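Next comes input.cif, a file with mmCIF, C-alpha atoms (C1' of nucleotides).
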```cif
data_run
loop_
_atom_site.group_PDB
_atom_site.id
_atom_site.type_symbol
_atom_site.label_atom_id
_atom_site.label_comp_id
_atom_site.auth_asym_id
_atom_site.auth_seq_id
_atom_site.Cartn_x
_atom_site.Cartn_y
_atom_site.Cartn_z
ATOM 1 C CA MET A 1 -53.216 -129.222 -141.678
ATOM 2 C CA LYS A 2 -49.951 -129.475 -143.550
ATOM 3 C CA GLU A 3 -48.180 -126.303 -144.524
ATOM 4 C CA ILE A 4 -49.173 -124.605 -147.730
ATOM 5 C CA SER A 5 -46.209 -123.675 -149.887
ATOM 6 C CA ASN A 6 -45.932 -120.465 -151.850
ATOM 7 C CA ALA A 7 -46.640 -122.023 -155.193
ATOM 8 C CA GLU A 8 -49.597 -123.828 -153.706
ATOM 9 C CA LEU A 9 -50.904 -120.594 -152.295
ATOM 10 C CA SER A 10 -51.094 -119.154 -155.793
ATOM 11 C CA VAL A 11 -53.503 -121.913 -156.642
ATOM 12 C CA LEU A 12 -55.563 -121.364 -153.530
ATOM 13 C CA ASN A 13 -55.748 -117.660 -154.227
ATOM 14 C CA ILE A 14 -57.329 -118.369 -157.571
ATOM 15 C CA LEU A 15 -59.891 -120.684 -156.053
ATOM 16 C CA TRP A 16 -60.696 -118.379 -153.173
ATOM 17 C CA GLN A 17 -61.637 -115.827 -155.745
ATOM 18 C CA ASP A 18 -63.859 -118.144 -157.699
ATOM 19 C CA ALA A 19 -64.747 -121.787 -157.203
ATOM 20 C CA PRO A 20 -65.293 -124.445 -158.170
ATOM 21 C CA LEU A 21 -63.052 -124.300 -161.206
ATOM 22 C CA GLY A 22 -61.810 -126.926 -163.606
ATOM 23 C CA ALA A 23 -58.100 -127.625 -163.733
ATOM 24 C CA ASN A 24 -57.746 -125.854 -167.048
ATOM 25 C CA GLU A 25 -59.278 -122.702 -165.692
ATOM 26 C CA VAL A 26 -56.774 -122.656 -162.881
ATOM 27 C CA VAL A 27 -54.007 -123.485 -165.313
ATOM 28 C CA GLU A 28 -55.182 -120.704 -167.547
ATOM 29 C CA ALA A 29 -55.106 -118.158 -164.740
ATOM 30 C CA LEU A 30 -51.678 -119.095 -163.454
ATOM 31 C CA ALA A 31 -50.167 -119.535 -166.876
ATOM 32 C CA SER A 32 -51.005 -116.006 -167.833
ATOM 33 C CA SER A 33 -50.407 -114.344 -164.485
ATOM 34 C CA GLN A 34 -47.245 -116.191 -163.510
ATOM 35 C CA GLY A 35 -46.122 -118.098 -166.546
ATOM 36 C CA MET A 36 -46.672 -121.354 -164.757
ATOM 37 C CA HIS A 37 -46.567 -124.540 -166.798
ATOM 38 C CA GLU A 38 -49.683 -126.656 -167.061
ATOM 39 C CA LYS A 39 -47.969 -129.688 -165.587
ATOM 40 C CA THR A 40 -46.795 -127.654 -162.666
ATOM 41 C CA VAL A 41 -50.268 -126.429 -161.863
ATOM 42 C CA LYS A 42 -51.654 -129.951 -162.083
ATOM 43 C CA THR A 43 -49.027 -131.076 -159.604
ATOM 44 C CA LEU A 44 -49.994 -128.304 -157.235
ATOM 45 C CA LEU A 45 -53.660 -129.167 -157.483
ATOM 46 C CA ASN A 46 -52.779 -132.725 -156.642
ATOM 47 C CA ARG A 47 -50.683 -131.808 -153.677
ATOM 48 C CA LEU A 48 -53.353 -129.518 -152.334
ATOM 49 C CA VAL A 49 -55.923 -132.270 -152.545
ATOM 50 C CA LYS A 50 -53.566 -134.573 -150.701
ATOM 51 C CA LYS A 51 -53.083 -131.914 -148.049
ATOM 52 C CA GLN A 52 -56.833 -131.633 -147.798
ATOM 53 C CA ALA A 53 -56.704 -127.995 -148.710
ATOM 54 C CA LEU A 54 -58.792 -128.627 -151.815
ATOM 55 C CA GLY A 55 -61.739 -130.798 -152.600
ATOM 56 C CA TYR A 56 -63.307 -131.526 -155.957
ATOM 57 C CA GLU A 57 -66.420 -132.693 -157.628
ATOM 58 C CA LYS A 58 -66.327 -134.731 -160.782
ATOM 59 C CA GLU A 59 -67.731 -133.335 -163.923
ATOM 60 C CA GLY A 60 -67.542 -136.022 -166.525
ATOM 61 C CA ARG A 61 -63.999 -137.194 -166.384
ATOM 62 C CA ALA A 62 -62.597 -133.895 -165.217
ATOM 63 C CA TYR A 63 -62.632 -132.384 -161.759
ATOM 64 C CA ARG A 64 -63.866 -129.088 -160.474
ATOM 65 C CA TYR A 65 -61.801 -127.951 -157.512
ATOM 66 C CA TYR A 66 -62.771 -125.839 -154.524
ATOM 67 C CA PRO A 67 -60.996 -124.778 -151.316
ATOM 68 C CA LEU A 68 -61.509 -126.738 -148.143
ATOM 69 C CA ILE A 69 -59.832 -124.197 -145.971
ATOM 70 C CA ASP A 70 -61.121 -120.770 -145.163
ATOM 71 C CA GLN A 71 -59.224 -117.822 -146.517
ATOM 72 C CA SER A 72 -59.730 -115.542 -143.516
ATOM 73 C CA GLU A 73 -58.612 -118.228 -141.175
ATOM 74 C CA TYR A 74 -55.584 -118.896 -143.242
ATOM 75 C CA GLN A 75 -54.768 -115.209 -143.480
ATOM 76 C CA LEU A 76 -55.094 -114.712 -139.769
ATOM 77 C CA LYS A 77 -52.918 -117.638 -138.883
ATOM 78 C CA GLU A 78 -50.265 -116.661 -141.382
ATOM 79 C CA SER A 79 -50.335 -113.056 -140.268
ATOM 80 C CA GLN A 80 -49.820 -114.029 -136.709
ATOM 81 C CA SER A 81 -46.898 -116.270 -137.421
ATOM 82 C CA PHE A 82 -45.414 -113.732 -139.790
ATOM 83 C CA VAL A 83 -45.607 -110.857 -137.329
ATOM 84 C CA GLU A 84 -44.278 -113.134 -134.654
ATOM 85 C CA ARG A 85 -41.293 -114.237 -136.687
ATOM 86 C CA VAL A 86 -40.379 -110.978 -138.335
ATOM 87 C CA PHE A 87 -41.602 -108.297 -135.959
ATOM 88 C CA ALA A 88 -41.431 -110.039 -132.619
ATOM 89 C CA GLY A 89 -45.212 -109.918 -132.448
ATOM 90 C CA LYS A 90 -45.689 -106.199 -132.891
ATOM 91 C CA VAL A 91 -48.132 -105.090 -135.543
ATOM 92 C CA ALA A 92 -47.536 -101.369 -135.703
ATOM 93 C CA PRO A 93 -43.939 -101.516 -136.939
ATOM 94 C CA LEU A 94 -45.142 -103.515 -139.879
ATOM 95 C CA VAL A 95 -47.603 -100.861 -140.887
ATOM 96 C CA ALA A 96 -45.007 -98.209 -140.177
ATOM 97 C CA GLY A 97 -42.776 -99.779 -142.765
ATOM 98 C CA PHE A 98 -45.428 -99.437 -145.408
ATOM 99 C CA ALA A 99 -46.169 -95.916 -144.317
ATOM 100 C CA LYS A 100 -42.568 -94.876 -144.599
ATOM 101 C CA GLN A 101 -42.440 -96.246 -148.107
ATOM 102 C CA LYS A 102 -45.637 -94.392 -148.863
ATOM 103 C CA GLN A 103 -47.258 -97.606 -149.832
ATOM 104 C CA LEU A 104 -50.457 -97.017 -147.987
ATOM 105 C CA SER A 105 -53.381 -96.148 -150.174
ATOM 106 C CA PRO A 106 -56.074 -93.696 -149.117
ATOM 107 C CA GLU A 107 -58.320 -96.722 -148.795
ATOM 108 C CA ASP A 108 -55.859 -98.348 -146.445
ATOM 109 C CA ILE A 109 -55.789 -95.209 -144.336
ATOM 110 C CA ALA A 110 -59.534 -94.948 -144.270
ATOM 111 C CA GLU A 111 -59.876 -98.533 -143.212
ATOM 112 C CA LEU A 112 -57.240 -98.165 -140.569
ATOM 113 C CA LYS A 113 -58.976 -95.137 -139.130
ATOM 114 C CA ALA A 114 -62.234 -96.983 -139.024
ATOM 115 C CA LEU A 115 -60.545 -99.871 -137.304
ATOM 116 C CA ILE A 116 -59.050 -97.659 -134.676
ATOM 117 C CA ASP A 117 -62.281 -95.830 -134.015
ATOM 118 C CA ASN A 118 -63.997 -99.103 -133.638
ATOM 119 C CA TRP A 119 -61.343 -100.439 -131.354
ATOM 120 C CA GLU A 120 -61.487 -97.391 -129.099
ATOM 121 C CA GLU A 121 -65.210 -97.573 -128.912
ATOM 122 C CA GLU A 122 -65.084 -101.143 -127.765
ATOM 123 C CA GLN A 123 -62.504 -100.275 -125.195
ATOM 124 C CA SER A 124 -64.511 -97.504 -123.645
ATOM 125 C CA SER A 125 -67.712 -99.456 -123.568
ATOM 126 C CA MET B 126 -29.270 -112.449 -151.626
ATOM 127 C CA LYS B 127 -30.437 -115.991 -151.075
ATOM 128 C CA GLU B 128 -33.616 -116.580 -149.148
ATOM 129 C CA ILE B 129 -33.437 -116.691 -145.383
ATOM 130 C CA SER B 130 -35.229 -119.675 -143.911
ATOM 131 C CA ASN B 131 -37.285 -119.584 -140.752
ATOM 132 C CA ALA B 132 -34.709 -121.278 -138.599
ATOM 133 C CA GLU B 133 -32.058 -118.984 -139.986
ATOM 134 C CA LEU B 134 -34.192 -115.996 -139.163
ATOM 135 C CA SER B 135 -34.176 -116.984 -135.511
ATOM 136 C CA VAL B 136 -30.428 -116.619 -135.558
ATOM 137 C CA LEU B 137 -30.569 -113.291 -137.297
ATOM 138 C CA ASN B 138 -33.100 -112.009 -134.812
ATOM 139 C CA ILE B 139 -30.675 -112.697 -132.005
ATOM 140 C CA LEU B 140 -27.874 -110.896 -133.759
ATOM 141 C CA TRP B 141 -30.016 -107.946 -134.739
ATOM 142 C CA GLN B 142 -30.672 -107.454 -131.097
ATOM 143 C CA ASP B 143 -27.048 -107.598 -130.086
ATOM 144 C CA ALA B 144 -23.900 -108.125 -132.110
ATOM 145 C CA PRO B 145 -21.271 -109.238 -132.511
ATOM 146 C CA LEU B 146 -21.808 -112.400 -130.539
ATOM 147 C CA GLY B 147 -19.815 -115.569 -130.228
ATOM 148 C CA ALA B 148 -21.371 -118.799 -131.433
ATOM 149 C CA ASN B 149 -21.957 -119.982 -127.896
ATOM 150 C CA GLU B 150 -23.898 -116.888 -127.017
ATOM 151 C CA VAL B 151 -26.182 -117.445 -129.976
ATOM 152 C CA VAL B 152 -26.433 -121.103 -129.112
ATOM 153 C CA GLU B 153 -27.255 -120.180 -125.563
ATOM 154 C CA ALA B 154 -30.051 -117.850 -126.599
ATOM 155 C CA LEU B 155 -31.664 -120.259 -129.034
ATOM 156 C CA ALA B 156 -31.223 -123.274 -126.829
ATOM 157 C CA SER B 157 -33.170 -121.701 -124.034
ATOM 158 C CA SER B 158 -35.758 -119.860 -126.114
ATOM 159 C CA GLN B 159 -36.437 -122.567 -128.668
ATOM 160 C CA GLY B 160 -34.742 -125.674 -127.426
ATOM 161 C CA MET B 161 -32.459 -125.671 -130.415
ATOM 162 C CA HIS B 162 -29.497 -128.011 -130.371
ATOM 163 C CA GLU B 163 -25.993 -126.569 -130.415
ATOM 164 C CA LYS B 164 -25.097 -128.388 -133.620
ATOM 165 C CA THR B 165 -28.177 -127.063 -135.282
ATOM 166 C CA VAL B 166 -27.340 -123.486 -134.415
ATOM 167 C CA LYS B 167 -23.786 -123.919 -135.667
ATOM 168 C CA THR B 168 -25.149 -125.184 -138.952
ATOM 169 C CA LEU B 169 -27.401 -122.180 -139.243
ATOM 170 C CA LEU B 170 -24.553 -119.786 -138.527
ATOM 171 C CA ASN B 171 -22.582 -121.475 -141.252
ATOM 172 C CA ARG B 172 -25.348 -121.295 -143.768
ATOM 173 C CA LEU B 173 -25.958 -117.653 -143.010
ATOM 174 C CA VAL B 174 -22.316 -116.864 -143.560
ATOM 175 C CA LYS B 175 -22.449 -118.697 -146.870
ATOM 176 C CA LYS B 176 -25.532 -116.730 -147.815
ATOM 177 C CA GLN B 177 -23.660 -113.576 -146.910
ATOM 178 C CA ALA B 178 -26.230 -112.665 -144.336
ATOM 179 C CA LEU B 179 -23.655 -112.820 -141.573
ATOM 180 C CA GLY B 180 -20.051 -111.772 -141.254
ATOM 181 C CA TYR B 181 -17.641 -112.508 -138.460
ATOM 182 C CA GLU B 182 -14.472 -111.370 -136.852
ATOM 183 C CA LYS B 183 -12.053 -113.790 -135.321
ATOM 184 C CA GLU B 184 -11.405 -113.681 -131.662
ATOM 185 C CA GLY B 185 -8.715 -116.166 -130.937
ATOM 186 C CA ARG B 186 -9.860 -119.304 -132.603
ATOM 187 C CA ALA B 187 -13.546 -118.531 -132.224
ATOM 188 C CA TYR B 188 -15.696 -116.214 -134.295
ATOM 189 C CA ARG B 189 -17.890 -113.322 -133.359
ATOM 190 C CA TYR B 190 -20.789 -113.016 -135.745
ATOM 191 C CA TYR B 191 -22.710 -109.966 -136.877
ATOM 192 C CA PRO B 192 -25.469 -109.345 -139.435
ATOM 193 C CA LEU B 193 -24.591 -108.160 -142.899
ATOM 194 C CA ILE B 194 -28.126 -107.380 -143.833
ATOM 195 C CA ASP B 195 -30.236 -104.621 -142.410
ATOM 196 C CA GLN B 196 -33.196 -105.596 -140.302
ATOM 197 C CA SER B 197 -35.503 -102.820 -141.471
ATOM 198 C CA GLU B 198 -34.741 -103.580 -145.060
ATOM 199 C CA TYR B 199 -35.372 -107.232 -144.485
ATOM 200 C CA GLN B 200 -38.603 -106.521 -142.658
ATOM 201 C CA LEU B 201 -39.844 -104.234 -145.357
ATOM 202 C CA LYS B 202 -39.087 -106.621 -148.164
ATOM 203 C CA GLU B 203 -40.655 -109.527 -146.338
ATOM 204 C CA SER B 204 -43.703 -107.509 -145.421
ATOM 205 C CA GLN B 205 -44.236 -106.512 -148.977
ATOM 206 C CA SER B 206 -43.963 -110.002 -150.318
ATOM 207 C CA PHE B 207 -46.124 -111.342 -147.523
ATOM 208 C CA VAL B 208 -48.897 -108.840 -148.050
ATOM 209 C CA GLU B 209 -48.632 -109.407 -151.761
ATOM 210 C CA ARG B 210 -48.927 -113.165 -151.476
ATOM 211 C CA VAL B 211 -51.510 -113.429 -148.743
ATOM 212 C CA PHE B 212 -53.541 -110.236 -149.013
ATOM 213 C CA ALA B 213 -53.216 -109.369 -152.667
ATOM 214 C CA GLY B 214 -51.223 -106.318 -151.689
ATOM 215 C CA LYS B 215 -53.711 -104.735 -149.287
ATOM 216 C CA VAL B 216 -52.432 -103.729 -145.898
ATOM 217 C CA ALA B 217 -55.588 -102.820 -144.054
ATOM 218 C CA PRO B 218 -57.181 -106.281 -144.117
ATOM 219 C CA LEU B 219 -54.120 -107.608 -142.377
ATOM 220 C CA VAL B 220 -54.497 -105.179 -139.523
ATOM 221 C CA ALA B 221 -58.211 -105.779 -139.496
ATOM 222 C CA GLY B 222 -57.570 -109.412 -138.813
ATOM 223 C CA PHE B 223 -55.597 -108.579 -135.720
ATOM 224 C CA ALA B 224 -58.175 -106.098 -134.633
ATOM 225 C CA LYS B 225 -60.956 -108.599 -134.900
ATOM 226 C CA GLN B 226 -59.015 -111.009 -132.771
ATOM 227 C CA LYS B 227 -58.412 -108.234 -130.287
ATOM 228 C CA GLN B 228 -54.743 -108.729 -130.653
ATOM 229 C CA LEU B 229 -53.878 -105.093 -130.949
ATOM 230 C CA SER B 230 -52.267 -103.628 -127.898
ATOM 231 C CA PRO B 231 -52.880 -100.058 -126.756
ATOM 232 C CA GLU B 232 -49.335 -99.375 -127.895
ATOM 233 C CA ASP B 233 -50.150 -100.688 -131.335
ATOM 234 C CA ILE B 234 -53.171 -98.444 -131.495
ATOM 235 C CA ALA B 235 -51.230 -95.437 -130.342
ATOM 236 C CA GLU B 236 -48.570 -96.040 -132.926
ATOM 237 C CA LEU B 237 -51.091 -96.571 -135.647
ATOM 238 C CA LYS B 238 -52.814 -93.326 -134.790
ATOM 239 C CA ALA B 239 -49.529 -91.488 -134.868
ATOM 240 C CA LEU B 240 -48.772 -93.038 -138.227
ATOM 241 C CA ILE B 241 -52.055 -91.973 -139.667
ATOM 242 C CA ASP B 242 -51.789 -88.455 -138.353
ATOM 243 C CA ASN B 243 -48.386 -88.213 -139.812
ATOM 244 C CA TRP B 244 -49.517 -89.600 -143.108
ATOM 245 C CA GLU B 245 -52.391 -87.150 -143.353
ATOM 246 C CA GLU B 246 -50.161 -84.277 -142.528
ATOM 247 C CA GLU B 247 -47.822 -85.176 -145.296
ATOM 248 C CA GLN B 248 -50.716 -85.489 -147.668
ATOM 249 C CA SER B 249 -52.111 -82.062 -146.954
ATOM 250 C CA SER B 250 -48.775 -80.338 -147.113
ATOM 251 C "C1'" DT C 251 -62.974 -149.030 -184.867
ATOM 252 C "C1'" DA C 252 -58.226 -147.354 -184.773
ATOM 253 C "C1'" DA C 253 -55.606 -143.359 -183.681
ATOM 254 C "C1'" DT C 254 -55.212 -139.164 -181.213
ATOM 255 C "C1'" DT C 255 -55.990 -136.298 -177.447
ATOM 256 C "C1'" DA C 256 -56.885 -134.879 -172.869
ATOM 257 C "C1'" DA C 257 -57.236 -135.551 -167.715
ATOM 258 C "C1'" DG C 258 -55.647 -136.958 -163.710
ATOM 259 C "C1'" DA C 259 -51.951 -140.132 -161.421
ATOM 260 C "C1'" DT C 260 -47.416 -141.290 -160.919
ATOM 261 C "C1'" DT C 261 -42.609 -140.519 -161.213
ATOM 262 C "C1'" DA C 262 -38.495 -137.458 -161.470
ATOM 263 C "C1'" DC C 263 -35.053 -134.629 -159.778
ATOM 264 C "C1'" DA C 264 -32.253 -131.034 -158.023
ATOM 265 C "C1'" DC C 265 -32.380 -127.739 -154.264
ATOM 266 C "C1'" DT C 266 -33.667 -126.180 -149.701
ATOM 267 C "C1'" DT C 267 -34.561 -126.889 -144.895
ATOM 268 C "C1'" DG C 268 -34.523 -128.692 -140.179
ATOM 269 C "C1'" DT C 269 -31.930 -131.198 -137.423
ATOM 270 C "C1'" DA C 270 -27.876 -133.192 -136.177
ATOM 271 C "C1'" DA C 271 -23.539 -136.198 -136.086
ATOM 272 C "C1'" DT C 272 -18.805 -136.682 -137.396
ATOM 273 C "C1'" DC C 273 -14.242 -134.684 -138.622
ATOM 274 C "C1'" DA C 274 -10.144 -131.933 -138.142
ATOM 275 C "C1'" DA C 275 -7.369 -128.858 -135.983
ATOM 276 C "C1'" DA C 276 -6.066 -125.928 -132.347
ATOM 277 C "C1'" DA C 277 -5.800 -124.945 -127.417
ATOM 278 C "C1'" DG C 278 -5.581 -126.076 -122.838
ATOM 279 C "C1'" DC C 279 -4.744 -129.580 -119.153
ATOM 280 C "C1'" DG C 280 -2.262 -132.937 -116.522
ATOM 281 C "C1'" DC D 281 4.410 -133.770 -124.590
ATOM 282 C "C1'" DG D 282 0.112 -136.661 -125.103
ATOM 283 C "C1'" DC D 283 -4.973 -136.436 -124.094
ATOM 284 C "C1'" DT D 284 -9.182 -134.060 -123.859
ATOM 285 C "C1'" DT D 285 -11.946 -130.474 -125.113
ATOM 286 C "C1'" DT D 286 -13.649 -126.922 -127.997
ATOM 287 C "C1'" DT D 287 -14.611 -124.645 -132.331
ATOM 288 C "C1'" DG D 288 -15.595 -124.325 -136.793
ATOM 289 C "C1'" DA D 289 -16.011 -127.392 -141.210
ATOM 290 C "C1'" DT D 290 -17.876 -131.143 -143.450
ATOM 291 C "C1'" DT D 291 -21.129 -134.708 -144.075
ATOM 292 C "C1'" DA D 292 -25.800 -136.808 -143.413
ATOM 293 C "C1'" DC D 293 -30.375 -137.468 -144.373
ATOM 294 C "C1'" DA D 294 -35.331 -137.337 -144.693
ATOM 295 C "C1'" DA D 295 -39.082 -134.223 -145.902
ATOM 296 C "C1'" DG D 296 -40.742 -130.468 -148.544
ATOM 297 C "C1'" DT D 297 -40.656 -127.560 -152.909
ATOM 298 C "C1'" DG D 298 -40.581 -125.897 -157.640
ATOM 299 C "C1'" DT D 299 -40.876 -127.490 -161.862
ATOM 300 C "C1'" DA D 300 -41.939 -130.769 -165.044
ATOM 301 C "C1'" DA D 301 -42.149 -135.246 -167.879
ATOM 302 C "C1'" DT D 302 -44.144 -139.752 -168.393
ATOM 303 C "C1'" DC D 303 -47.890 -143.091 -167.711
ATOM 304 C "C1'" DT D 304 -52.696 -144.733 -167.865
ATOM 305 C "C1'" DT D 305 -57.050 -144.561 -169.180
ATOM 306 C "C1'" DA D 306 -61.061 -142.638 -171.004
ATOM 307 C "C1'" DA D 307 -63.047 -139.703 -174.550
ATOM 308 C "C1'" DT D 308 -63.042 -137.848 -179.134
ATOM 309 C "C1'" DT D 309 -62.210 -137.856 -183.948
ATOM 310 C "C1'" DA D 310 -61.220 -139.508 -188.525
#
```
Can the structure from this file be put into structure tokens for me?
Amino acid sequence: MKEISNAELSVLNILWQDAPLGANEVVEALASSQGMHEKTVKTLLNRLVKKQALGYEKEGRAYRYYPLIDQSEYQLKESQSFVERVFAGKVAPLVAGFAKQKQLSPEDIAELKALIDNWEEEQSS
Amino acid sequence: MKEISNAELSVLNILWQDAPLGANEVVEALASSQGMHEKTVKTLLNRLVKKQALGYEKEGRAYRYYPLIDQSEYQLKESQSFVERVFAGKVAPLVAGFAKQKQLSPEDIAELKALIDNWEEEQSS
DNA sequence: TAATTAAGATTACACTTGTAATCAAAAGCG
DNA sequence: CGCTTTTGATTACAAGTGTAATCTTAATTA
């Protein structure tokens, strides 16, 4: 699988949220949220199809696009390479950064606690 | 500050660990760890200087390079934009991914627990 | 049916990036 | 003092990226 660029990821994010969508719906979303030009979005859709990150079904003469790659998989792979590159593979310092900036929400904390509990349980068992 | 590319980051990582270093020392490190060619490393050093990410002091006719940007700052900024792009701003799902893959080390867990304790303390106070 | 519009396909284009090779000048060697 | 080596500077070059504009063809409208 070819690399997904940042701009392309914006498109994927839309379609991971809701798919299949017609080009104009994607355009709509990205135009309003990021001021992206219609032509630009069309280009990105094209490139993603070429990269086999998107598929489509025809509806009349238009297409309805949907992701061919799994979001969780993508997230995991990206996370790993990110933590590897930027934090030499260590996860905690990343979270620590957010914590120091007080950018952890109560939900984040709750989830993290649950994760840890779960992890410890698995260890002891 | 211009963007730092992946290859450039490798150079910075070396210099964040130990600086100032002569070009050959950086070359040495990256040649062995990533099989990077000397010429390539020199190019990267140059580009980083141009981007004002590195400074240098002359030692004879050679240079000794050192970072001009702070690692923690860089890490924080990158983390934020990464989590924003890939996880719609939510930190916990990122960690959850690692947890599921059992890629959290006991050290990670310990640090995370400490973080959370600390966070909760600050909340209650 | 002729003209306009809309959709995807193709083309454009400057900038960045990875990966080096070549150039120029200084320093050391014989 | 010339020649070789070393070091940074400059140049190279294809692939990827962001950002569109133009082209082609089919559908819609007057």
The PyMOL selection byres ((chain B and resi 127-140) around 9) - which residues does that actually catch in the file I just gave you? List them as a PyMOL selection string.
(chain A and resi 85-86+88) or (chain B and resi 126+141-146+151-152+154-155+166+169-170+172-173+176-179+190-192+196) or (chain C and resi 266-268)
Between CA of Tyr199 in chain B and CA of Gly147 in chain B, what is the spacing in Å?
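Atom-to-atom, CA of Gly147 in chain B and CA of Tyr199 in chain B are spaced 22.7 Å apart.
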With all atoms listed in the file counted and 6 Å as the cut-off, give the residues of chain B in contact with chain A, each with its shortest interatomic distance in Å and the pair that gives it, as CSV.
```
residue,atom,partner,partner_atom,distance
B:Leu201,CA,A:Gly97,CA,5.9
B:Ala217,CA,A:Asp108,CA,5.1
B:Gly222,CA,A:Leu76,CA,5.9
B:Asp233,CA,A:Ala92,CA,5.1
B:Leu237,CA,A:Ala92,CA,6.0
```
Go ahead and compute the interatomic distance for C1' of DT261 in chain C and CA of His37 in chain A, in Å to one decimal.
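Answer for the C1' of DT261 in chain C to CA of His37 in chain A separation: 17.4 Å.
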Figure out the distance between C1' of DT287 in chain D and CA of Ala187 in chain B, please, to one decimal in Å.
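Computing it gives 6.2 Å between the two atoms.
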